[in-house]
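Worksheet: the structure to be examined is printed underneath.
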Protein chains: 2
Amino acid sequence: MILKGFQEERLDAEAIRMFQTLSRRTRGDILTMTTLAGCGHPGGSMSSVDIYLMLTSCANVDPNDPSKPDRDRIVISHGHTSPAVYAVLGRMGFFDAEEAISTFRKAGSIFEGHVEHRIPGIEWSTGNLGQGLSAGCGFALSGRLAGRHAQIFVAMSDGEQTKGQVAEARRFAKKYALNNVTVIIDYNELQISGSIHKVMPQHTKALYLADGWKVLEADGHDPKALYQVLREAVHTEDTPVAILAHTKMGQGVPFMENEVTFHGKTLNAEQYRAAMEELGLKDDLDRYRKLRDGFDGEAGSGQSAIRNPQSAIVIDTGVPRTYAPEEKTDNRSAFGNALMDLGGLNCGRTDRTPIAVLDCDLGPSVKTGDFGKAFPDYFFQGGVQEHHTATLAGALSKEGIPTFFADFGVFGVDETYNQHRLNDINETNVKLVCTHVGLDVGEDGKTHQCIDYIGVMRNLYGYRIIMPADPNQTDRAVRYAAGEPGNFFIGMGRSKLPVITNEEGAPFFGGDYTFRYGKADLVRDGKDAAVISMGGMLYRAIEAGERLAEQGFSVKVLNFSCLSAPDVEAIREAANTGVVITYEDHNVYTGLGSIVAGVIAEQGLRTRFKRMGVAEYGVSGTPDALFRIYGLDVEALVEAVIEEVGRR
Amino acid sequence: MILKGFQEERLDAEAIRMFQTLSRRTRGDILTMTTLAGCGHPGGSMSSVDIYLMLTSCANVDPNDPSKPDRDRIVISHGHTSPAVYAVLGRMGFFDAEEAISTFRKAGSIFEGHVEHRIPGIEWSTGNLGQGLSAGCGFALSGRLAGRHAQIFVAMSDGEQTKGQVAEARRFAKKYALNNVTVIIDYNELQISGSIHKVMPQHTKALYLADGWKVLEADGHDPKALYQVLREAVHTEDTPVAILAHTKMGQGVPFMENEVTFHGKTLNAEQYRAAMEELGLKDDLDRYRKLRDGFDGEAGSGQSAIRNPQSAIVIDTGVPRTYAPEEKTDNRSAFGNALMDLGGLNCGRTDRTPIAVLDCDLGPSVKTGDFGKAFPDYFFQGGVQEHHTATLAGALSKEGIPTFFADFGVFGVDETYNQHRLNDINETNVKLVCTHVGLDVGEDGKTHQCIDYIGVMRNLYGYRIIMPADPNQTDRAVRYAAGEPGNFFIGMGRSKLPVITNEEGAPFFGGDYTFRYGKADLVRDGKDAAVISMGGMLYRAIEAGERLAEQGFSVKVLNFSCLSAPDVEAIREAANTGVVITYEDHNVYTGLGSIVAGVIAEQGLRTRFKRMGVAEYGVSGTPDALFRIYGLDVEALVEAVIEEVGRR
């Protein structure tokens, strides 16, 4: 009975018997788990469980080595079917089934409400629908880059097929010939509000066909049929395949079948007993309840007990480039140049981890074009499909490829925030580089002026936010982020910027300077007031300092390029001047000023404090005109410093 | 020559001549405008301009009464073709064409970089691609609710067809038989990175057909063909129609044709002269440059000079319900009940403005089910298509229908932030009600615990954020938001909550209480310390205060339900105790604590200050267990107060 890899032409009798036994048992586990927890999603779990059983039995995955690099990847897109996933993986030996059943959804248990990527056998945390196929595409690409030949299976619900991101992912898979991707849809024709044909009618099959996929159908509860159709999908090498697996919500327990209330409602004790009897299984609730009561996970030990290892990253970040003071360029170009260096040092070599670069039809602006030409195998054009591309970046990077997703701020941050949130939950390795942030975007106007990138990204605990002040700091920040594991956001404006220099006129971020996360840069010292700035505003702050010096004021100018870890000591020293002013072309309530205010209030620092930033949506105009209109030009900063010093 | 309403069977010779003249002239305007501004998007404008000319000529729109209620709606989804839109509307008399040409993209001009809804003839600001069809659906629904029979035309680019939201909108239009919607696609087969067939191949026609639309094709530069195909679309009454209008980027100037660089690059002076010669037009650059130089818009006067009026809203918000202290219910149910009252008072009556309610397949949880049953004509089920539904809510509400979009926090905020951002720019009237916010979501785990709703929504200047503390405050806040123009976010947790009472045991938010935006509620007075809380945390704060009273501490407890306008005076009084603690189950860096910190720092208030909130993604578990794990239970608050008072 060799099932792995779908090599046998058909399932033998023994395999079918084994499958049927497990199908019944895992159904019992689902019911025990959810009834015990008093919450969770039994209906869809009973509908999907046979699919999970077949995939886990026949795909190249190994409970004894769940992280082996050449394994097939199984992505569960509809993460609320976690009871079925835990039941199957538990019964297959990926972990102790009893622990999963008894601790499901109890605080401190790894067996959380929606599938959780730290559990062996689970590749990707989901729960927000519609993102799983994009993740599958990411795994397919990382496999291609690593020269592996694994299959990628993406299990999805029928209700989530209407999410636009699914269509985006479908097109991407076709474009890049990700023919090792198989989608299998739990097609039970029910969602929370009723029949999928009434809630939001769509011709699922026609849409996959229109996007160039092959579509197969089978009874999703019949092991023979499921095996055959998956086998055909795996052996289809010229296109990705979608399988409509016809199923029943609540399958296996007659009174649950096609009853949509059981989507998110669990059985009570009496219903549970009746259901277990239907399944020919014994009522084990009391025993499991004792185990559950005995589990004290609040100390948090359960969370770290099991964990999938991440691949090691070996990357050469090279020698920084230094732009000379006379060389006026933009941070975007410095980013593009750094990408080229990183590509040359790491792409296409057996001893290094390559980087990957993703773009959404903005190459000429976000400066990914040269990389795309020089390293076409490591560059992926996502088109005008930002949601898909953001998730793709996450999954690709999770497999150990530092992945640069370059986009305008409004698309890379505002449009795709929730995709990055799920990436962050999945502990990915995304380097989100957004150009066109700040009022500095100028003439393109309010729809394109991303003035909330800190305010939005700051909510994600794992993304470290960097705003480099000039091309030199950009170069160093990009190399730093490439070499550090974890998620980063790097923001930059549109305009060309002067190179920041020290008082001797040499590049401030050249020479001995090393980018270190969380360290503020004291660009000019002073004792009458402190201006804290970042990004493209820094040179204006320096200019204001110089004008103020002419009027006899000694102003400290600080650069905060690391927004996720404010340099408390630097703020304390700034407060010692008695006047602190934050100066940014970001939303005044949610950016740098808000971060500095938090430190001042929490540390109880006694200082005058003023936030300068943007308090309404900006209009179209040159950056300089906008800075004047919104009171953010150098003159306004000079006046503010004088006024605050006067009031001190 | 009666063109309006596509009544004539075909265009007559005079109409064709007029069209051809205007087609040439508006092309000249596009080039003058963009060359003068030195930025903007000439290529796509030259490609779309004939479509705009035909629509504006033949649709029921009137330059002399651009806001008449029964007008046809023309939505421009690819807002970067603004030069073409401004040229056409200007030449048609909607405003002074010379002003548009001369001030395009100059600070203070209404003629911004992307189409701007304040300009007569423009219904919806766009610029972020893929949202226009959803807006068109919103206009179609509002027309239906108002008993109007206007046509809705949505002009789109071909490149944006890949955005998933377009597919979502297509399905919605079909489901609700929005057969007066016509999409017309500027099918020039080029996008920034090259051919649409290479950047992200898709079978646009097949996809519209698969979603049940009728598809027509025509030469998008031939007036006769354009007229015929639009006429057929308008007279198709059994399905929405999409038109592929075959066009050429840069059409009309041979050296610009099919040259993708002109997507976002303008002509230099020499190219401009050559192009105008090709078009048989005179070079008017100098004259316009003088006009431009003479325009000083930085005072901001241009912004308010022109503005579309909004419809008057007449709504009865009824008599508040009061939940008694013994009645433990959840804020969600109070919301559902208030919706029922609002429906009964305002829906289906000729003397009142109705409300509309949108749901994304979560009715049983977000409590829109009763409303949907009672007022089926005012309830719209969007399915698992949040992006579309968020934009739909915006456009529907912009037409004067207060629109409640109810969803879980992670979908209504995190997934659809950028749609709300564009709604806000369009000055809509959305009431975004998100249930399932906070760590209080519990067992569903981190993917569903929306702990960033303030941190994210706070970036939108127009959305007023409300977090009601109990069912009584929820009832009053919902009625308040229904009656007030503008955008609101109302957040609520999942759990049942005790009714907040005053010290005499009567409902605090009953009796004389009136919801007033920006006013903090002093729930308990005290002098040793102040706890500032909100939402479902307030009752815990009160409980902590009671325990502290037993230990001899007198604690002030404040409720901040209005997060967009912190009550500075209340914070000042809190600071007078010498200890301020914010207490929330939201991200500790970006929520209530961050807002209060901003006030403390800016006002220079001298007080100890501590923020209690969530500093990492939450696990699955009961809310109480999670509060213990993350140090947010009542005990932890009691300890924190004692510690801070001791350090004061």
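Ordering of the structure tokens sets the chain letters (A, B, ...); residue numbers start at 1 within each chain; ligands are numbered from 1 in the order shown.
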ask   = Can you list, as a PyMOL selection string, every residue of stretch 35-170 of chain B that DSSP puts in helix (DSSP H, G or I)?
value = chain B and resi 35-37+42-58+79-91+97-103+132-145+159-162+164-170
task = From a DSSP calculation on the backbone, collect every residue of stretch 223-343 of chain A in strand (DSSP E or B) and output the set as a list in words.
result =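 Assigned to strand (DSSP E or B), within stretch 223-343 of chain A: Val241, Ala242, Ile243, Leu244, Ala245, His246, Thr329 and Asp330 of chain A.
Distances here use only C-alpha atoms; by that measure, the residue among A:His114, A:Arg231, A:His80, A:Arg540 closest to A:Ser45 is A:His80.
Contact shell of B:Gly552 at 12 Å (only C-alpha atoms; same-chain neighbours under 4 positions omitted): B:Gly526, B:Lys527, B:Asp528, B:Ala529, B:Gly545, B:Glu546, B:Arg547, B:Leu548, B:Val638, B:Val641, B:Ile642, B:Val645.
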Those residues with N, CA and C atoms, as a PDB file, in the first residue's frame please?
```pdb
ATOM      1  N   GLY B 526     -13.002  60.422  41.359  1.00  0.00           N
ATOM      2  CA  GLY B 526     -11.989  60.004  42.326  1.00  0.00           C
ATOM      3  C   GLY B 526     -10.822  60.956  42.258  1.00  0.00           C
ATOM      4  N   LYS B 527      -9.921  60.862  43.232  1.00  0.00           N
ATOM      5  CA  LYS B 527      -8.850  61.852  43.273  1.00  0.00           C
ATOM      6  C   LYS B 527      -7.438  61.261  43.321  1.00  0.00           C
ATOM      7  N   ASP B 528      -7.320  59.945  43.527  1.00  0.00           N
ATOM      8  CA  ASP B 528      -5.982  59.356  43.635  1.00  0.00           C
ATOM      9  C   ASP B 528      -5.388  58.957  42.288  1.00  0.00           C
ATOM     10  N   ALA B 529      -6.243  58.631  41.360  1.00  0.00           N
ATOM     11  CA  ALA B 529      -5.778  58.173  40.052  1.00  0.00           C
ATOM     12  C   ALA B 529      -6.962  58.218  39.092  1.00  0.00           C
ATOM     13  N   GLY B 545     -12.065  49.877  40.011  1.00  0.00           N
ATOM     14  CA  GLY B 545     -12.251  51.046  40.875  1.00  0.00           C
ATOM     15  C   GLY B 545     -12.918  50.664  42.191  1.00  0.00           C
ATOM     16  N   GLU B 546     -13.905  49.771  42.097  1.00  0.00           N
ATOM     17  CA  GLU B 546     -14.602  49.348  43.320  1.00  0.00           C
ATOM     18  C   GLU B 546     -13.663  48.569  44.243  1.00  0.00           C
ATOM     19  N   ARG B 547     -12.869  47.696  43.658  1.00  0.00           N
ATOM     20  CA  ARG B 547     -11.914  46.944  44.491  1.00  0.00           C
ATOM     21  C   ARG B 547     -10.896  47.882  45.128  1.00  0.00           C
ATOM     22  N   LEU B 548     -10.478  48.874  44.349  1.00  0.00           N
ATOM     23  CA  LEU B 548      -9.493  49.818  44.877  1.00  0.00           C
ATOM     24  C   LEU B 548     -10.100  50.660  45.995  1.00  0.00           C
ATOM     25  N   VAL B 638      -5.899  46.734  38.952  1.00  0.00           N
ATOM     26  CA  VAL B 638      -5.827  47.121  40.369  1.00  0.00           C
ATOM     27  C   VAL B 638      -4.361  47.284  40.784  1.00  0.00           C
ATOM     28  N   VAL B 641      -2.710  50.410  39.251  1.00  0.00           N
ATOM     29  CA  VAL B 641      -3.087  51.671  39.896  1.00  0.00           C
ATOM     30  C   VAL B 641      -2.304  51.839  41.197  1.00  0.00           C
ATOM     31  N   ILE B 642      -2.266  50.770  41.980  1.00  0.00           N
ATOM     32  CA  ILE B 642      -1.564  50.856  43.268  1.00  0.00           C
ATOM     33  C   ILE B 642      -0.090  51.185  43.042  1.00  0.00           C
ATOM     34  N   VAL B 645       0.287  54.847  41.792  1.00  0.00           N
ATOM     35  CA  VAL B 645       0.015  55.809  42.871  1.00  0.00           C
ATOM     36  C   VAL B 645       1.207  55.829  43.839  1.00  0.00           C
TER      37      VAL B 645
END
```
query = Could you pull the residues within 6 Å of A:Lys367, counting only C-alpha atoms, minus those fewer than 3 positions along the same chain, as a ChimeraX atom specification?
reply = /A:336,363-364
Can I get the selection written as an mmCIF file, in the first residue's frame, with all heavy atoms?
```cif
data_model
loop_
_atom_site.group_PDB
_atom_site.id
_atom_site.type_symbol
_atom_site.label_atom_id
_atom_site.label_comp_id
_atom_site.auth_asym_id
_atom_site.auth_seq_id
_atom_site.Cartn_x
_atom_site.Cartn_y
_atom_site.Cartn_z
ATOM 1 N N GLY A 336 16.892 50.844 -6.009
ATOM 2 C CA GLY A 336 17.080 50.052 -7.230
ATOM 3 C C GLY A 336 18.531 49.606 -7.388
ATOM 4 O O GLY A 336 18.802 48.459 -7.759
ATOM 5 N N GLY A 363 7.131 49.282 -12.295
ATOM 6 C CA GLY A 363 8.589 49.175 -12.370
ATOM 7 C C GLY A 363 9.328 50.488 -12.602
ATOM 8 O O GLY A 363 10.265 50.801 -11.868
ATOM 9 N N PRO A 364 8.917 51.288 -13.608
ATOM 10 C CA PRO A 364 9.678 52.518 -13.871
ATOM 11 C C PRO A 364 9.679 53.470 -12.675
ATOM 12 O O PRO A 364 10.617 54.240 -12.501
ATOM 13 C CB PRO A 364 8.923 53.140 -15.052
ATOM 14 C CG PRO A 364 8.156 52.027 -15.675
ATOM 15 C CD PRO A 364 7.825 51.087 -14.566
#
```
Applying 10 Å and only C-alpha atoms, which residues near stretch 388-391 of chain A remain after dropping the ones on its own chain fewer than 2 positions away? List them as a short mmCIF file (atom, residue, chain, number, x, y, z; two decimals) with N, CA, C and O atoms, in the first residue's frame.
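Output file selection11.cif follows:
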```
data_model
loop_
_atom_site.label_atom_id
_atom_site.label_comp_id
_atom_site.auth_asym_id
_atom_site.auth_seq_id
_atom_site.Cartn_x
_atom_site.Cartn_y
_atom_site.Cartn_z
N GLY A 130 -9.82 33.65 1.27
CA GLY A 130 -9.42 34.15 -0.04
C GLY A 130 -7.94 34.33 -0.26
O GLY A 130 -7.51 34.75 -1.33
N GLN A 131 -7.11 34.02 0.75
CA GLN A 131 -5.68 34.27 0.60
C GLN A 131 -4.87 32.99 0.33
O GLN A 131 -3.69 33.05 -0.01
N GLY A 132 -5.50 31.83 0.48
CA GLY A 132 -4.74 30.58 0.43
C GLY A 132 -4.10 30.28 -0.91
O GLY A 132 -2.96 29.79 -0.95
N LEU A 133 -4.79 30.58 -2.00
CA LEU A 133 -4.21 30.26 -3.30
C LEU A 133 -2.99 31.13 -3.58
O LEU A 133 -2.00 30.67 -4.16
N SER A 134 -3.04 32.38 -3.13
CA SER A 134 -1.87 33.25 -3.29
C SER A 134 -0.68 32.68 -2.52
O SER A 134 0.46 32.71 -2.99
N ALA A 135 -0.96 32.16 -1.33
CA ALA A 135 0.12 31.55 -0.54
C ALA A 135 0.66 30.33 -1.28
O ALA A 135 1.88 30.13 -1.36
N GLY A 136 -0.23 29.52 -1.83
CA GLY A 136 0.20 28.36 -2.60
C GLY A 136 1.11 28.75 -3.75
O GLY A 136 2.12 28.09 -4.02
N CYS A 137 0.77 29.84 -4.43
CA CYS A 137 1.62 30.33 -5.53
C CYS A 137 3.00 30.71 -5.00
O CYS A 137 4.02 30.47 -5.66
N GLY A 138 3.03 31.30 -3.82
CA GLY A 138 4.32 31.66 -3.22
C GLY A 138 5.17 30.43 -2.93
O GLY A 138 6.38 30.42 -3.22
N GLY A 164 -12.15 38.48 -4.64
CA GLY A 164 -11.39 38.88 -5.82
C GLY A 164 -9.97 38.36 -5.84
O GLY A 164 -9.42 38.06 -6.90
N GLN A 165 -9.37 38.25 -4.67
CA GLN A 165 -7.97 37.82 -4.62
C GLN A 165 -7.79 36.42 -5.21
O GLN A 165 -6.72 36.11 -5.75
N VAL A 166 -8.81 35.59 -5.14
CA VAL A 166 -8.71 34.24 -5.71
C VAL A 166 -8.52 34.33 -7.22
O VAL A 166 -7.69 33.62 -7.80
N ALA A 167 -9.27 35.23 -7.85
CA ALA A 167 -9.14 35.40 -9.30
C ALA A 167 -7.75 35.93 -9.65
O ALA A 167 -7.14 35.52 -10.64
N GLU A 168 -7.25 36.84 -8.83
CA GLU A 168 -5.90 37.36 -9.08
C GLU A 168 -4.87 36.24 -9.03
O GLU A 168 -3.98 36.14 -9.89
N ALA A 169 -5.01 35.39 -8.02
CA ALA A 169 -4.04 34.30 -7.84
C ALA A 169 -4.12 33.30 -9.00
O ALA A 169 -3.11 32.79 -9.48
N ARG A 170 -5.35 33.04 -9.44
CA ARG A 170 -5.56 32.12 -10.55
C ARG A 170 -4.79 32.59 -11.79
O ARG A 170 -4.13 31.81 -12.47
N ARG A 171 -4.91 33.88 -12.06
CA ARG A 171 -4.22 34.42 -13.25
C ARG A 171 -2.71 34.33 -13.10
O ARG A 171 -1.99 34.03 -14.04
N PHE A 172 -2.23 34.63 -11.88
CA PHE A 172 -0.78 34.60 -11.66
C PHE A 172 -0.26 33.17 -11.85
O PHE A 172 0.78 32.96 -12.48
N LEU A 358 9.23 41.52 -6.36
CA LEU A 358 7.88 41.55 -6.92
C LEU A 358 7.47 42.99 -7.21
O LEU A 358 7.76 43.90 -6.43
N ASP A 359 6.77 43.15 -8.32
CA ASP A 359 6.32 44.47 -8.74
C ASP A 359 4.88 44.37 -9.22
O ASP A 359 4.47 43.34 -9.74
N CYS A 360 4.10 45.43 -9.02
CA CYS A 360 2.72 45.48 -9.53
C CYS A 360 2.59 46.57 -10.59
O CYS A 360 1.96 47.60 -10.34
N PHE A 380 9.22 38.85 -10.42
CA PHE A 380 7.87 38.41 -10.77
C PHE A 380 6.95 39.61 -10.88
O PHE A 380 6.84 40.42 -9.96
N GLN A 381 6.34 39.72 -12.05
CA GLN A 381 5.45 40.84 -12.35
C GLN A 381 4.01 40.42 -11.99
O GLN A 381 3.42 39.57 -12.65
N GLY A 382 3.46 41.05 -10.95
CA GLY A 382 2.14 40.67 -10.48
C GLY A 382 0.99 41.39 -11.15
O GLY A 382 -0.17 41.06 -10.91
N GLY A 383 1.29 42.38 -12.00
CA GLY A 383 0.21 43.15 -12.63
C GLY A 383 -0.54 43.96 -11.58
O GLY A 383 -0.08 44.12 -10.45
N VAL A 384 -1.68 44.49 -12.00
CA VAL A 384 -2.48 45.32 -11.09
C VAL A 384 -3.29 44.39 -10.18
O VAL A 384 -4.50 44.27 -10.30
N GLN A 385 -2.60 43.70 -9.31
CA GLN A 385 -3.19 42.67 -8.45
C GLN A 385 -2.45 42.70 -7.11
O GLN A 385 -1.74 41.76 -6.76
N GLU A 386 -2.65 43.75 -6.38
CA GLU A 386 -1.82 43.97 -5.20
C GLU A 386 -2.13 42.99 -4.07
O GLU A 386 -1.21 42.56 -3.36
N ALA A 393 4.15 37.45 -1.72
CA ALA A 393 5.43 37.87 -1.12
C ALA A 393 5.63 37.17 0.22
O ALA A 393 6.72 36.70 0.54
N GLY A 394 4.56 37.10 0.99
CA GLY A 394 4.66 36.48 2.31
C GLY A 394 5.05 35.02 2.23
O GLY A 394 6.00 34.57 2.88
N ALA A 395 4.32 34.26 1.41
CA ALA A 395 4.58 32.81 1.36
C ALA A 395 5.94 32.53 0.74
O ALA A 395 6.68 31.65 1.21
N LEU A 396 6.27 33.25 -0.30
CA LEU A 396 7.58 33.08 -0.94
C LEU A 396 8.69 33.34 0.07
O LEU A 396 9.66 32.59 0.17
N SER A 397 8.51 34.37 0.86
CA SER A 397 9.56 34.74 1.82
C SER A 397 9.59 33.78 3.01
O SER A 397 10.63 33.56 3.61
N PHE A 405 8.93 43.33 -2.01
CA PHE A 405 7.70 43.71 -2.71
C PHE A 405 7.71 45.22 -2.80
O PHE A 405 7.62 45.91 -1.79
N ALA A 406 7.89 45.73 -4.02
CA ALA A 406 8.01 47.18 -4.21
C ALA A 406 6.73 47.73 -4.81
O ALA A 406 6.21 47.19 -5.78
N ASP A 407 6.21 48.79 -4.22
CA ASP A 407 4.95 49.34 -4.70
C ASP A 407 4.84 50.79 -4.21
O ASP A 407 5.64 51.25 -3.39
N PHE A 411 -0.71 51.49 -2.38
CA PHE A 411 -1.04 50.11 -2.75
C PHE A 411 -0.33 49.12 -1.82
O PHE A 411 -0.93 48.15 -1.37
N GLY A 412 0.94 49.38 -1.56
CA GLY A 412 1.73 48.46 -0.74
C GLY A 412 1.32 48.47 0.72
O GLY A 412 1.51 47.48 1.44
N VAL A 413 0.75 49.57 1.18
CA VAL A 413 0.32 49.67 2.58
C VAL A 413 -1.21 49.70 2.68
O VAL A 413 -1.84 48.80 3.21
N GLU A 415 -3.79 49.48 0.55
CA GLU A 415 -4.64 48.51 -0.14
C GLU A 415 -4.41 47.10 0.39
O GLU A 415 -5.33 46.28 0.35
N THR A 416 -3.24 46.82 0.88
CA THR A 416 -2.89 45.43 1.19
C THR A 416 -2.57 45.20 2.66
O THR A 416 -1.92 44.21 3.02
N TYR A 417 -3.05 46.08 3.50
CA TYR A 417 -2.72 45.98 4.92
C TYR A 417 -3.06 44.61 5.52
O TYR A 417 -2.27 44.01 6.24
N ASN A 418 -4.24 44.12 5.22
CA ASN A 418 -4.65 42.87 5.85
C ASN A 418 -3.85 41.67 5.35
O ASN A 418 -3.68 40.69 6.06
N GLN A 419 -3.34 41.77 4.11
CA GLN A 419 -2.47 40.71 3.61
C GLN A 419 -1.15 40.72 4.38
O GLN A 419 -0.62 39.67 4.74
N HIS A 420 -0.65 41.91 4.68
CA HIS A 420 0.59 41.99 5.46
C HIS A 420 0.34 41.55 6.90
O HIS A 420 1.23 40.99 7.55
N ARG A 421 -0.86 41.82 7.38
CA ARG A 421 -1.19 41.38 8.73
C ARG A 421 -1.13 39.84 8.81
O ARG A 421 -0.54 39.28 9.73
N LEU A 422 -1.68 39.18 7.80
CA LEU A 422 -1.61 37.72 7.81
C LEU A 422 -0.17 37.25 7.57
O LEU A 422 0.27 36.26 8.16
N ASN A 423 0.57 37.96 6.74
CA ASN A 423 2.00 37.63 6.59
C ASN A 423 2.69 37.70 7.95
O ASN A 423 3.48 36.82 8.31
N VAL A 430 9.21 39.35 4.62
CA VAL A 430 8.91 40.28 3.53
C VAL A 430 9.65 41.59 3.74
O VAL A 430 9.71 42.11 4.85
N LEU A 432 8.95 44.98 2.45
CA LEU A 432 7.98 45.80 1.72
C LEU A 432 8.59 47.18 1.52
O LEU A 432 8.83 47.91 2.48
N LYS B 163 -7.77 43.53 -11.33
CA LYS B 163 -8.02 43.71 -9.89
C LYS B 163 -9.21 42.84 -9.48
O LYS B 163 -10.28 42.87 -10.09
N GLY B 164 -9.03 42.10 -8.41
CA GLY B 164 -10.08 41.21 -7.96
C GLY B 164 -11.40 41.91 -7.67
O GLY B 164 -12.47 41.33 -7.87
#
```
